[in-house]
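Asks: What follows is a single structure, and I will ask about it in a moment.
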Amino acid sequence: MKDLIKLILFISYLILIFYINNFVMLFCLLILNISIMLIFKLNIFDFLKQLLVLTPFLFITGLINFFTSNLEYGLFILIRLIVAYSLTFTFIKMVTISEIANALEKLLFPLKIFRIDVSKVSLIISIGISVLPSLLDEFNQKLDCLKAKGFKINIFNMIVIFRPLLISILLRTNEFEDALISKGFEE
């Protein structure tokens, strides 16, 4: 039950962030999120390092909103994304994947009316979440290998990285399927 409450609070807080239209309130939420990180002794430098990696995405998103709307709206979106990321970082560091799977199973319980096996759905989601870090590591490893070989990386030749990564994902999917079948998860 505690896992479900954490997940519902996280989702509610995340939705609330995108309804706030006040810079001061957004900065207060950012300070609150950083305070929570400090209280639970999470690594702030880890957060800042990962935020630095997201900077190009945040910058492009802010620019798109600036050109489609105005500067103020672009800044709102930029700050909202930073606050949402700080909340997500805190949530991920404080909750294990099995807790997320248990909470999702309880949250998706009404889907049993439609004869959907929610335990399998939560298992699939938790496997997907747990695989993401290793896929990111593999992506970075392939990127570093290509850079070491003198390959110029740009948006047009990213297919050189994504093709082997897609093949790796498909192979891992087969490995997960075999592992789950051997553990008795098949119908």
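Each chain in the structure tokens gets a letter, A, B, ..., in the order shown, and its residues are numbered from 1; ligands are numbered from 1 in order too.
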Tell me, as a list in words, which residues lie within 12 Å of region 172-179 of chain A, counting only C-alpha atoms; anything in the same chain fewer than 6 positions away does not count.

Replies: Leu123, Ile124, Ile127, Gly128, Ser130, Val131, Leu132, Ser134, Leu135, Leu165, Leu166, Phe185 and Glu186 of chain A

Asks: Between A:Leu136, A:Leu52, A:Ala103, A:Leu9, single out the one closest to Val121 (chain A), counting only C-alpha atoms.

Replies: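 Closest to Val121 (chain A) of all the choices is A:Ala103.
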
Asks: Please list as JSON, numbers by chain every residue within 12 Å of Lys142 (chain A), counting only C-alpha atoms and excluding residues in the same chain fewer than 2 positions away.

Replies: {"A": [135, 136, 137, 138, 139, 140, 144, 145, 146, 147, 148, 149, 151, 153, 158, 159, 160, 161, 162, 163, 164, 165, 168]}

Asks: Considering only C-alpha atoms, can you say which of A:Ser12, A:Asn22, A:Thr68, A:Thr61 comes closest to Ile82 (chain A)?

Replies: A:Thr61

Asks: Quick one: residues within 9 Å of Leu75 (chain A), only C-alpha atoms, excluding same-chain residues fewer than 5 positions away - as a list in words?

Replies: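 Surrounding residues, per the criterion: Phe23, Gly62, Leu63, Asn65, Phe66, Asn70 and Arg80 of chain A.
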
Asks: Given the choices A:Ile44, A:Ile60, A:Ile125, A:Ile169, which gets closest to Leu78 (chain A) if the distance is worked out from only C-alpha atoms?

Replies: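 Ranked by minimum distance to Leu78 (chain A), first place goes to A:Ile60.
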
Asks: Using only C-alpha atoms, which residues sit within 10 Å of Ser119 (chain A) once same-chain residues fewer than 3 positions away are excluded, as a list in words?

Replies: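 Using only C-alpha atoms, the neighbours found are Ala101, Asn102, Leu104, Glu105, Lys106, Leu108, Phe109, Lys112, Ile116, Ser122, Leu123, Ile124 and Ile125 of chain A.
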
Asks: For Leu4 (chain A), please output as a list in words all residues within 7 Å (counting only C-alpha atoms; exclusion window: fewer than 2 positions along the same chain).

Replies: Met1, Lys2, Lys6, Leu7, Ile8, Ala103, Lys106 and Leu107 of chain A

Asks: Determine, counting only C-alpha atoms, which protein, DNA and RNA residues have an atom within 12 Å of an atom of Ile92 (chain A); residues of the same chain fewer than 4 positions away are not included. Present the result as JSON, numbers by chain.

Replies: {"A": [6, 7, 10, 37, 42, 47, 85, 86, 87, 88, 96, 97, 98, 99, 100, 129, 130, 133]}

Asks: Restricting the output to C-alpha atoms, write the selected residues as an mmCIF file, in the first residue's frame.

Replies:
data_model
loop_
_atom_site.group_PDB
_atom_site.id
_atom_site.type_symbol
_atom_site.label_atom_id
_atom_site.label_comp_id
_atom_site.auth_asym_id
_atom_site.auth_seq_id
_atom_site.Cartn_x
_atom_site.Cartn_y
_atom_site.Cartn_z
ATOM 1 C CA LYS A 6 4.238 6.896 -3.287
ATOM 2 C CA LEU A 7 3.347 6.342 -6.944
ATOM 3 C CA PHE A 10 4.512 11.204 -7.527
ATOM 4 C CA MET A 37 17.177 15.364 -2.075
ATOM 5 C CA LEU A 42 20.765 11.897 -2.439
ATOM 6 C CA PHE A 47 21.460 15.237 -10.298
ATOM 7 C CA TYR A 85 13.166 16.157 -13.733
ATOM 8 C CA SER A 86 14.271 16.954 -10.182
ATOM 9 C CA LEU A 87 11.127 15.246 -8.883
ATOM 10 C CA THR A 88 11.620 12.241 -11.163
ATOM 11 C CA THR A 96 13.063 0.330 -6.261
ATOM 12 C CA ILE A 97 11.800 -1.266 -9.443
ATOM 13 C CA SER A 98 9.973 -3.983 -7.526
ATOM 14 C CA GLU A 99 8.138 -1.309 -5.514
ATOM 15 C CA ILE A 100 7.087 0.357 -8.768
ATOM 16 C CA ILE A 129 12.292 0.260 -16.621
ATOM 17 C CA SER A 130 15.139 -1.953 -15.443
ATOM 18 C CA PRO A 133 20.031 2.037 -17.861
#

Asks: Return the single residue from A:Leu14, A:Ile79, A:Asp46, A:Lys41 that is closest to Phe59 (chain A), with distances computed using only C-alpha atoms.

Replies: A:Ile79

Asks: Rounded to one decimal, what separation in Å do you get between CA of Leu58 (chain A) and CA of Leu26 (chain A)?

Replies: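 Separation between CA of Leu58 (chain A) and CA of Leu26 (chain A): 15.9 Å.
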
Asks: Report, in Å with one decimal, the straight-line distance from CA of Ile36 (chain A) to CA of Val53 (chain A).

Replies: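 Distance reported for this atom pair: 21.8 Å.
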
Asks: Looking only at alpha helix (DSSP H) from DSSP on the backbone, list the matching residues of chain A as a PyMOL selection string.

Replies: chain A and resi 2-17+23-39+44-68+71-94+97-107+118-148+159-182

Asks: Keeping only C-alpha atoms, take the residues you just selected and write them out as a tab-separated table (two decimals), in the first residue's frame.

Replies:
chain	number	residue	atom	x	y	z
A	2	LYS	CA	2.90	2.31	0.79
A	3	ASP	CA	4.26	1.80	-2.74
A	4	LEU	CA	0.91	2.72	-4.26
A	5	ILE	CA	0.72	5.90	-2.19
A	6	LYS	CA	4.24	6.90	-3.29
A	7	LEU	CA	3.35	6.34	-6.94
A	8	ILE	CA	0.06	8.25	-6.72
A	9	LEU	CA	1.76	11.14	-4.90
A	10	PHE	CA	4.51	11.20	-7.53
A	11	ILE	CA	2.06	11.26	-10.43
A	12	SER	CA	-0.14	13.88	-8.73
A	13	TYR	CA	2.83	16.12	-7.94
A	14	LEU	CA	4.13	15.73	-11.49
A	15	ILE	CA	0.76	16.75	-12.94
A	16	LEU	CA	0.57	19.69	-10.52
A	17	ILE	CA	3.89	21.03	-11.82
A	23	PHE	CA	7.60	31.59	-11.72
A	24	VAL	CA	7.90	32.04	-7.96
A	25	MET	CA	5.86	28.91	-7.26
A	26	LEU	CA	7.95	26.88	-9.71
A	27	PHE	CA	11.18	28.02	-8.05
A	28	CYS	CA	9.69	27.15	-4.64
A	29	LEU	CA	8.90	23.65	-5.93
A	30	LEU	CA	12.45	23.33	-7.28
A	31	ILE	CA	13.85	24.36	-3.89
A	32	LEU	CA	11.46	21.88	-2.21
A	33	ASN	CA	12.68	19.08	-4.50
A	34	ILE	CA	16.33	19.91	-3.83
A	35	SER	CA	15.57	20.04	-0.09
A	36	ILE	CA	14.02	16.57	-0.31
A	37	MET	CA	17.18	15.36	-2.07
A	38	LEU	CA	19.29	16.78	0.75
A	39	ILE	CA	17.03	15.34	3.47
A	44	ILE	CA	23.08	16.51	-5.75
A	45	PHE	CA	26.12	16.37	-8.03
A	46	ASP	CA	24.66	13.28	-9.70
A	47	PHE	CA	21.46	15.24	-10.30
A	48	LEU	CA	23.36	18.21	-11.72
A	49	LYS	CA	25.49	15.96	-13.93
A	50	GLN	CA	22.42	14.27	-15.37
A	51	LEU	CA	20.68	17.63	-15.76
A	52	LEU	CA	23.69	18.84	-17.73
A	53	VAL	CA	23.25	15.87	-20.09
A	54	LEU	CA	19.61	16.92	-20.61
A	55	THR	CA	20.52	20.56	-21.27
A	56	PRO	CA	20.40	20.32	-25.10
A	57	PHE	CA	16.91	18.77	-24.93
A	58	LEU	CA	15.75	21.42	-22.45
A	59	PHE	CA	17.25	24.22	-24.54
A	60	ILE	CA	15.63	22.99	-27.77
A	61	THR	CA	12.27	22.57	-26.04
A	62	GLY	CA	12.50	26.09	-24.60
A	63	LEU	CA	13.42	27.51	-28.02
A	64	ILE	CA	10.53	25.75	-29.75
A	65	ASN	CA	8.10	27.12	-27.19
A	66	PHE	CA	9.69	30.56	-27.45
A	67	PHE	CA	9.20	30.66	-31.21
A	68	THR	CA	5.70	29.18	-31.15
A	71	LEU	CA	9.70	34.13	-24.22
A	72	GLU	CA	7.74	33.86	-20.98
A	73	TYR	CA	6.01	30.65	-22.05
A	74	GLY	CA	9.33	29.19	-23.24
A	75	LEU	CA	10.87	29.90	-19.83
A	76	PHE	CA	7.83	28.38	-18.07
A	77	ILE	CA	8.23	25.17	-20.03
A	78	LEU	CA	11.99	25.10	-19.40
A	79	ILE	CA	11.60	25.58	-15.64
A	80	ARG	CA	8.71	23.11	-15.48
A	81	LEU	CA	10.85	20.45	-17.14
A	82	ILE	CA	13.71	21.09	-14.71
A	83	VAL	CA	11.34	20.84	-11.73
A	84	ALA	CA	9.74	17.69	-13.17
A	85	TYR	CA	13.17	16.16	-13.73
A	86	SER	CA	14.27	16.95	-10.18
A	87	LEU	CA	11.13	15.25	-8.88
A	88	THR	CA	11.62	12.24	-11.16
A	89	PHE	CA	15.29	11.94	-10.15
A	90	THR	CA	14.29	11.93	-6.47
A	91	PHE	CA	11.51	9.39	-7.03
A	92	ILE	CA	13.73	7.01	-8.99
A	93	LYS	CA	16.48	7.15	-6.37
A	94	MET	CA	14.05	6.53	-3.50
A	97	ILE	CA	11.80	-1.27	-9.44
A	98	SER	CA	9.97	-3.98	-7.53
A	99	GLU	CA	8.14	-1.31	-5.51
A	100	ILE	CA	7.09	0.36	-8.77
A	101	ALA	CA	5.90	-3.00	-10.14
A	102	ASN	CA	3.86	-3.69	-6.98
A	103	ALA	CA	2.33	-0.21	-7.07
A	104	LEU	CA	1.47	-0.55	-10.76
A	105	GLU	CA	-0.16	-3.91	-10.12
A	106	LYS	CA	-2.36	-2.34	-7.46
A	107	LEU	CA	-3.06	0.75	-9.58
A	118	VAL	CA	-2.20	-6.88	-14.40
A	119	SER	CA	0.63	-8.85	-12.83
A	120	LYS	CA	2.06	-9.54	-16.28
A	121	VAL	CA	1.58	-5.92	-17.33
A	122	SER	CA	3.39	-4.67	-14.24
A	123	LEU	CA	6.13	-7.24	-14.82
A	124	ILE	CA	6.60	-6.02	-18.40
A	125	ILE	CA	6.73	-2.39	-17.28
A	126	SER	CA	9.23	-3.15	-14.51
A	127	ILE	CA	11.44	-5.08	-16.93
A	128	GLY	CA	11.28	-2.17	-19.36
A	129	ILE	CA	12.29	0.26	-16.62
A	130	SER	CA	15.14	-1.95	-15.44
A	131	VAL	CA	16.56	-2.38	-18.96
A	132	LEU	CA	16.77	1.34	-19.75
A	133	PRO	CA	20.03	2.04	-17.86
A	134	SER	CA	21.85	-0.82	-19.57
A	135	LEU	CA	20.59	0.35	-22.98
A	136	LEU	CA	21.83	3.85	-22.23
A	137	ASP	CA	25.22	2.45	-21.24
A	138	GLU	CA	25.36	0.43	-24.43
A	139	PHE	CA	24.41	3.49	-26.51
A	140	ASN	CA	27.18	5.54	-24.87
A	141	GLN	CA	29.65	2.69	-25.39
A	142	LYS	CA	28.84	2.48	-29.12
A	143	LEU	CA	29.08	6.27	-29.38
A	144	ASP	CA	32.50	6.27	-27.69
A	145	CYS	CA	33.75	3.46	-29.94
A	146	LEU	CA	32.75	5.37	-33.05
A	147	LYS	CA	34.34	8.57	-31.74
A	148	ALA	CA	37.57	6.67	-31.00
A	159	ILE	CA	21.65	5.17	-37.90
A	160	VAL	CA	25.13	3.70	-37.48
A	161	ILE	CA	24.49	3.63	-33.72
A	162	PHE	CA	20.77	2.87	-33.68
A	163	ARG	CA	20.87	-0.14	-36.01
A	164	PRO	CA	23.17	-2.24	-33.75
A	165	LEU	CA	21.32	-0.92	-30.69
A	166	LEU	CA	17.99	-2.08	-32.13
A	167	ILE	CA	19.47	-5.51	-32.86
A	168	SER	CA	20.79	-5.64	-29.28
A	169	ILE	CA	17.34	-4.72	-27.92
A	170	LEU	CA	15.71	-7.49	-29.93
A	171	LEU	CA	18.30	-10.02	-28.74
A	172	ARG	CA	17.80	-8.96	-25.13
A	173	THR	CA	14.05	-9.25	-25.56
A	174	ASN	CA	14.53	-12.87	-26.59
A	175	GLU	CA	16.80	-13.43	-23.57
A	176	PHE	CA	14.16	-11.95	-21.25
A	177	GLU	CA	11.49	-14.09	-22.85
A	178	ASP	CA	13.58	-17.24	-22.34
A	179	ALA	CA	14.32	-16.27	-18.74
A	180	LEU	CA	10.67	-15.62	-17.96
A	181	ILE	CA	9.57	-18.87	-19.58
A	182	SER	CA	12.16	-20.80	-17.57
